[in-house]
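Source file: coords00.cif; contents: mmCIF, C-alpha atoms.
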data_input
loop_
_atom_site.label_atom_id
_atom_site.label_comp_id
_atom_site.auth_asym_id
_atom_site.auth_seq_id
_atom_site.Cartn_x
_atom_site.Cartn_y
_atom_site.Cartn_z
CA MET A 1 0.00 0.00 0.00
CA TYR A 2 2.92 2.34 0.79
CA ASP A 3 4.41 1.73 -2.66
CA TRP A 4 1.01 2.32 -4.29
CA CYS A 5 0.76 5.71 -2.58
CA VAL A 6 4.25 6.73 -3.66
CA ASP A 7 3.80 5.41 -7.21
CA ASN A 8 0.60 7.44 -7.58
CA ASN A 9 2.15 10.66 -6.22
CA CYS A 10 0.13 10.45 -3.01
CA THR A 11 1.26 11.06 0.55
CA PRO A 12 1.16 7.88 2.68
CA PHE A 13 -0.22 8.34 6.18
CA ILE A 14 -0.42 5.65 8.86
CA VAL A 15 -2.79 5.54 11.82
CA VAL A 16 -1.09 4.08 14.90
CA ALA A 17 -2.84 2.82 18.03
CA VAL A 18 -0.46 3.99 20.76
CA ASP A 19 0.52 1.80 23.68
CA GLY A 20 3.72 1.10 25.61
CA SER A 21 5.36 -0.62 22.64
CA VAL A 22 5.13 2.45 20.39
CA ARG A 23 7.84 5.14 20.47
CA VAL A 24 6.20 8.40 19.38
CA PRO A 25 5.92 11.89 20.94
CA GLN A 26 3.13 11.44 23.46
CA GLU A 27 2.08 15.11 23.28
CA PHE A 28 0.76 14.50 19.74
CA VAL A 29 -1.34 11.44 20.66
CA GLN A 30 -5.09 12.04 20.54
CA ASN A 31 -7.65 9.49 21.74
CA GLY A 32 -4.95 6.81 21.91
CA GLU A 33 -3.98 7.30 18.24
CA ILE A 34 -1.47 9.25 16.23
CA VAL A 35 -1.51 9.90 12.49
CA LEU A 36 1.94 9.95 10.91
CA ASN A 37 3.06 11.15 7.50
CA VAL A 38 5.55 8.48 6.36
CA SER A 39 6.48 9.98 3.00
CA LEU A 40 10.16 10.19 2.12
CA GLY A 41 9.99 14.00 2.30
CA ALA A 42 8.67 13.95 5.87
CA THR A 43 11.04 11.31 7.26
CA SER A 44 14.72 10.54 7.48
CA SER A 45 16.22 7.03 7.65
CA LEU A 46 12.83 5.44 6.92
CA SER A 47 12.92 1.68 7.48
CA LEU A 48 9.82 -0.37 6.65
CA GLY A 49 10.79 -3.67 8.24
CA ASN A 50 8.92 -6.91 8.83
CA ASP A 51 8.41 -6.08 12.51
CA TYR A 52 8.78 -2.30 12.86
CA ILE A 53 8.43 0.97 11.01
CA GLU A 54 11.30 3.18 12.13
CA PHE A 55 12.36 6.67 11.11
CA LYS A 56 13.50 10.08 12.28
CA ALA A 57 11.23 13.09 11.99
CA ARG A 58 10.63 16.55 13.34
CA PHE A 59 7.65 17.40 15.52
CA GLY A 60 7.23 21.11 16.10
CA GLY A 61 10.86 21.60 15.00
CA VAL A 62 12.22 19.02 17.45
CA ALA A 63 13.92 15.94 15.99
CA ARG A 64 12.49 12.64 17.28
CA GLU A 65 13.03 8.93 16.74
CA ILE A 66 9.89 6.99 15.88
CA CYS A 67 9.47 3.23 16.25
CA VAL A 68 6.12 1.59 15.56
CA PRO A 69 5.51 -2.17 15.72
CA LEU A 70 3.56 -3.24 12.64
CA GLY A 71 0.91 -4.79 14.88
CA ARG A 72 -0.01 -1.29 16.16
CA VAL A 73 -0.67 0.17 12.67
CA SER A 74 -4.44 0.24 12.29
CA ALA A 75 -4.58 1.86 8.83
CA ILE A 76 -2.59 3.25 5.94
CA TYR A 77 -4.13 5.67 3.48
CA ALA A 78 -3.35 8.31 0.87
CA ARG A 79 -3.89 11.83 2.18
CA GLU A 80 -5.03 13.14 -1.18
CA ASN A 81 -7.95 10.77 -1.75
CA GLY A 82 -8.45 8.83 1.49
CA GLN A 83 -8.02 5.46 -0.22
CA GLY A 84 -6.29 2.89 1.92
CA MET A 85 -6.51 -0.21 4.06
CA THR A 86 -7.30 -0.96 7.67
CA PHE A 87 -5.70 -3.69 9.74
CA PRO A 88 -6.68 -5.58 12.89
CA LEU A 89 -4.59 -4.64 15.91
CA GLU A 90 -2.37 -7.23 17.55
CA SER A 91 -2.38 -7.43 21.33
CA VAL A 92 1.17 -7.18 22.60
CA SER A 93 2.12 -6.23 26.15
CA ALA A 94 4.67 -3.44 26.60
CA GLU A 95 7.07 -5.86 28.28
CA ASP A 96 6.88 -8.30 25.35
CA ALA A 97 7.38 -5.49 22.86
CA ALA A 98 10.42 -4.16 24.73
CA GLN A 99 11.97 -7.63 24.64
CA GLN A 100 11.22 -8.05 20.92
CA ARG A 101 12.56 -4.63 19.91
CA PRO A 102 16.11 -4.87 18.54
CA ALA A 103 18.83 -3.73 20.94
CA LYS A 104 20.04 -1.12 18.45
CA SER A 105 17.68 -0.04 15.72
CA PRO A 106 18.75 1.79 12.56
CA VAL A 107 17.43 5.07 13.95
CA ASP A 108 19.15 4.87 17.36
CA GLY A 109 21.96 7.26 18.04
CA ALA A 110 22.39 10.93 17.36
CA LEU A 111 19.90 12.62 15.09
CA ALA A 112 21.43 14.25 12.07
CA GLU A 113 20.26 17.71 11.21
CA SER A 114 18.33 17.13 8.03
CA PRO A 115 15.54 19.10 6.40
CA VAL A 116 12.42 17.07 7.09
CA THR A 117 8.90 18.38 7.26
CA PRO A 118 6.65 17.93 10.27
CA VAL A 119 5.31 14.41 10.46
CA VAL A 120 2.08 14.85 12.32
CA LYS A 121 -0.52 16.37 10.08
CA ALA A 122 -3.88 17.51 11.35
CA ALA A 123 -6.69 15.25 10.30
CA ARG A 124 -8.42 18.40 9.15
CA GLY A 125 -6.41 21.00 7.31
CA ALA A 126 -7.32 24.64 7.07
CA LYS A 127 -7.07 26.19 3.64
CA LYS A 128 -7.23 29.91 3.17
CA THR A 129 -9.36 31.22 0.38
CA ASP A 130 -9.92 34.97 0.04
CA GLY A 131 -8.51 35.47 3.56
CA LYS A 132 -11.05 33.14 5.14
CA ALA A 133 -10.18 29.73 6.54
CA SER A 134 -12.25 26.77 5.44
CA VAL A 135 -12.01 23.28 6.85
CA THR A 136 -11.61 20.36 4.49
CA PRO A 137 -13.32 17.13 5.54
CA ARG A 138 -11.20 14.30 6.92
CA PRO A 139 -10.70 11.36 4.57
CA SER A 140 -12.69 8.40 5.78
CA LEU A 141 -11.83 4.73 5.76
CA THR A 142 -14.34 1.94 5.58
CA ARG A 143 -13.46 -1.40 7.11
CA VAL A 144 -14.30 -4.23 4.73
CA LYS A 145 -14.48 -7.73 6.18
#

Using the file provided, produce a representation of the structure as structure tokens.
Amino acid sequence: MYDWCVDNNCTPFIVVAVDGSVRVPQEFVQNGEIVLNVSLGATSSLSLGNDYIEFKARFGGVAREICVPLGRVSAIYARENGQGMTFPLESVSAEDAAQQRPAKSPVDGALAESPVTPVVKAARGAKKTDGKASVTPRPSLTRVK
């Protein structure tokens, strides 16, 4: 799905259900979820592994390391059209996740100063037209069983 987004000039976003096994800035978590822009322009050292999605990104100008177990990704979608997929969440305790996480991940260590855009995007974006702000509707996902 990530490759489809990139191939079609769309911006891939992931929805992550946050628990103790997820390494994200907690101040950006809303209702137990965080939406992350995982495009190459918004991340540095992006690694889409079999167990984890890891990358470096800036949140409010502050560089952060992000590590998300694949079992905590509940959806991936294209920002431009809302097309995507949802996934069932795996139940993993924080202790089990800490033991499974590699001792040194590719994004551990010092963060390099690189020009990356903010990763967390508001689910609703404000667009200015004629000096007035209008709210665009949030893309919706439908779970198909």

Translate the PyMOL selection byres ((chain A and resi 37) around 6), as applied to the file shown, into an explicit residue set as a JSON list (two decimals) with C-alpha atoms, in the frame of the given file.
[["chain", "number", "residue", "atom", "x", "y", "z"],
["A", 13, "PHE", "CA", -0.22, 8.34, 6.18],
["A", 36, "LEU", "CA", 1.94, 9.95, 10.91],
["A", 38, "VAL", "CA", 5.55, 8.48, 6.36],
["A", 39, "SER", "CA", 6.48, 9.98, 3.00],
["A", 119, "VAL", "CA", 5.31, 14.41, 10.46]]

task: Pick out the closest residue to Arg79 in chain A from this set: A:Ala17, A:Val35, A:Thr43, A:Val24. Count only C-alpha atoms.
output: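 So, comparing all the options, the nearest one is A:Val35.
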
- prompt: How far is it from CA of Ala63 in chain A to CA of Gly41 in chain A, in Å with one decimal?
  reply: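 Spanning CA of Ala63 in chain A to CA of Gly41 in chain A is a straight-line distance of 14.4 Å.
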
- request: Find, counting all atoms listed in the file, the residue in A:Ile34, A:Leu40, A:Leu48, A:Ala78 that gets nearest to Pro12 in chain A.
  value: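 Closest to Pro12 in chain A of all the choices is A:Ala78.
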
field: Near-Ala75 in chain A list (9 Å; all atoms listed in the file; drop same-chain fewer than 6 positions) as a ChimeraX atom specification
entry: /A:13-16,84-88,141

Based on the selection just made, write C-alpha atoms of those residues as a compact mmCIF listing (two decimals), keeping the file's coordinate frame.
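Saved result, out-v7.txt, follows:
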# COMPACT_ATOMS: atom_id res chain seq x y z
CA PHE A 13 -0.22 8.34 6.18
CA ILE A 14 -0.42 5.65 8.86
CA VAL A 15 -2.79 5.54 11.82
CA VAL A 16 -1.09 4.08 14.90
CA GLY A 84 -6.29 2.89 1.92
CA MET A 85 -6.51 -0.21 4.06
CA THR A 86 -7.30 -0.96 7.67
CA PHE A 87 -5.70 -3.69 9.74
CA PRO A 88 -6.68 -5.58 12.89
CA LEU A 141 -11.83 4.73 5.76

- request: Excluding Asn8 in chain A and residues on its chain fewer than 2 positions from it, collect all residues at most 12 Å away from it, counting all atoms listed in the file, and give them as a PyMOL selection string.
  value: chain A and resi 1-6+10-12+78-81+83

statement: Taken to one decimal, the CA of Gly32 in chain A-CA of Asn9 in chain A distance is 29.3 Å

- prompt: When the PyMOL selection byres ((chain A and resi 71) around 6) is applied to the file above, which residues end up in the set, as number ranges by chain?
  reply: A: 69-70, 72-73, 89-90

Create the file for the chosen residues now, containing C-alpha atoms and written as a compact mmCIF listing (two decimals), in the coordinates of the input.
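Result file again27.txt:
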# COMPACT_ATOMS: atom_id res chain seq x y z
CA PRO A 69 5.51 -2.17 15.72
CA LEU A 70 3.56 -3.24 12.64
CA ARG A 72 -0.01 -1.29 16.16
CA VAL A 73 -0.67 0.17 12.67
CA LEU A 89 -4.59 -4.64 15.91
CA GLU A 90 -2.37 -7.23 17.55

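The nearest approach to Tyr52 in chain A among the residues A:Glu27, A:Glu33, A:Ser21, A:Tyr77, with only C-alpha atoms taken into account, belongs to A:Ser21.
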
- prompt: By how many Å are CA of Val68 in chain A and CA of Val22 in chain A apart?
  reply: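 Rounded to one decimal, the two atoms are 5.0 Å apart.
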
I need the residue set behind the PyMOL selection byres ((chain A and resi 55) around 9) for this file; please write it as an mmCIF file with C-alpha atoms, keeping the file's coordinate frame.
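The result, written out as selection-v8.cif:
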data_model
loop_
_atom_site.group_PDB
_atom_site.id
_atom_site.type_symbol
_atom_site.label_atom_id
_atom_site.label_comp_id
_atom_site.auth_asym_id
_atom_site.auth_seq_id
_atom_site.Cartn_x
_atom_site.Cartn_y
_atom_site.Cartn_z
ATOM 1 C CA VAL A 38 5.550 8.480 6.360
ATOM 2 C CA THR A 43 11.040 11.310 7.260
ATOM 3 C CA SER A 44 14.720 10.540 7.480
ATOM 4 C CA SER A 45 16.220 7.030 7.650
ATOM 5 C CA LEU A 46 12.830 5.440 6.920
ATOM 6 C CA SER A 47 12.920 1.680 7.480
ATOM 7 C CA LEU A 48 9.820 -0.370 6.650
ATOM 8 C CA ILE A 53 8.430 0.970 11.010
ATOM 9 C CA GLU A 54 11.300 3.180 12.130
ATOM 10 C CA LYS A 56 13.500 10.080 12.280
ATOM 11 C CA ALA A 57 11.230 13.090 11.990
ATOM 12 C CA ARG A 64 12.490 12.640 17.280
ATOM 13 C CA GLU A 65 13.030 8.930 16.740
ATOM 14 C CA ILE A 66 9.890 6.990 15.880
ATOM 15 C CA CYS A 67 9.470 3.230 16.250
ATOM 16 C CA PRO A 106 18.750 1.790 12.560
ATOM 17 C CA VAL A 107 17.430 5.070 13.950
#

Draw an axis-aligned box over all listed atoms of range 51-66 of chain A, pad each side with 6 Å, and write its centre and edge lengths in Å, one decimal, as AutoDock Vina command-line options.
--center_x 10.6 --center_y 7.8 --center_z 14.2 --size_x 18.7 --size_y 39.7 --size_z 18.4
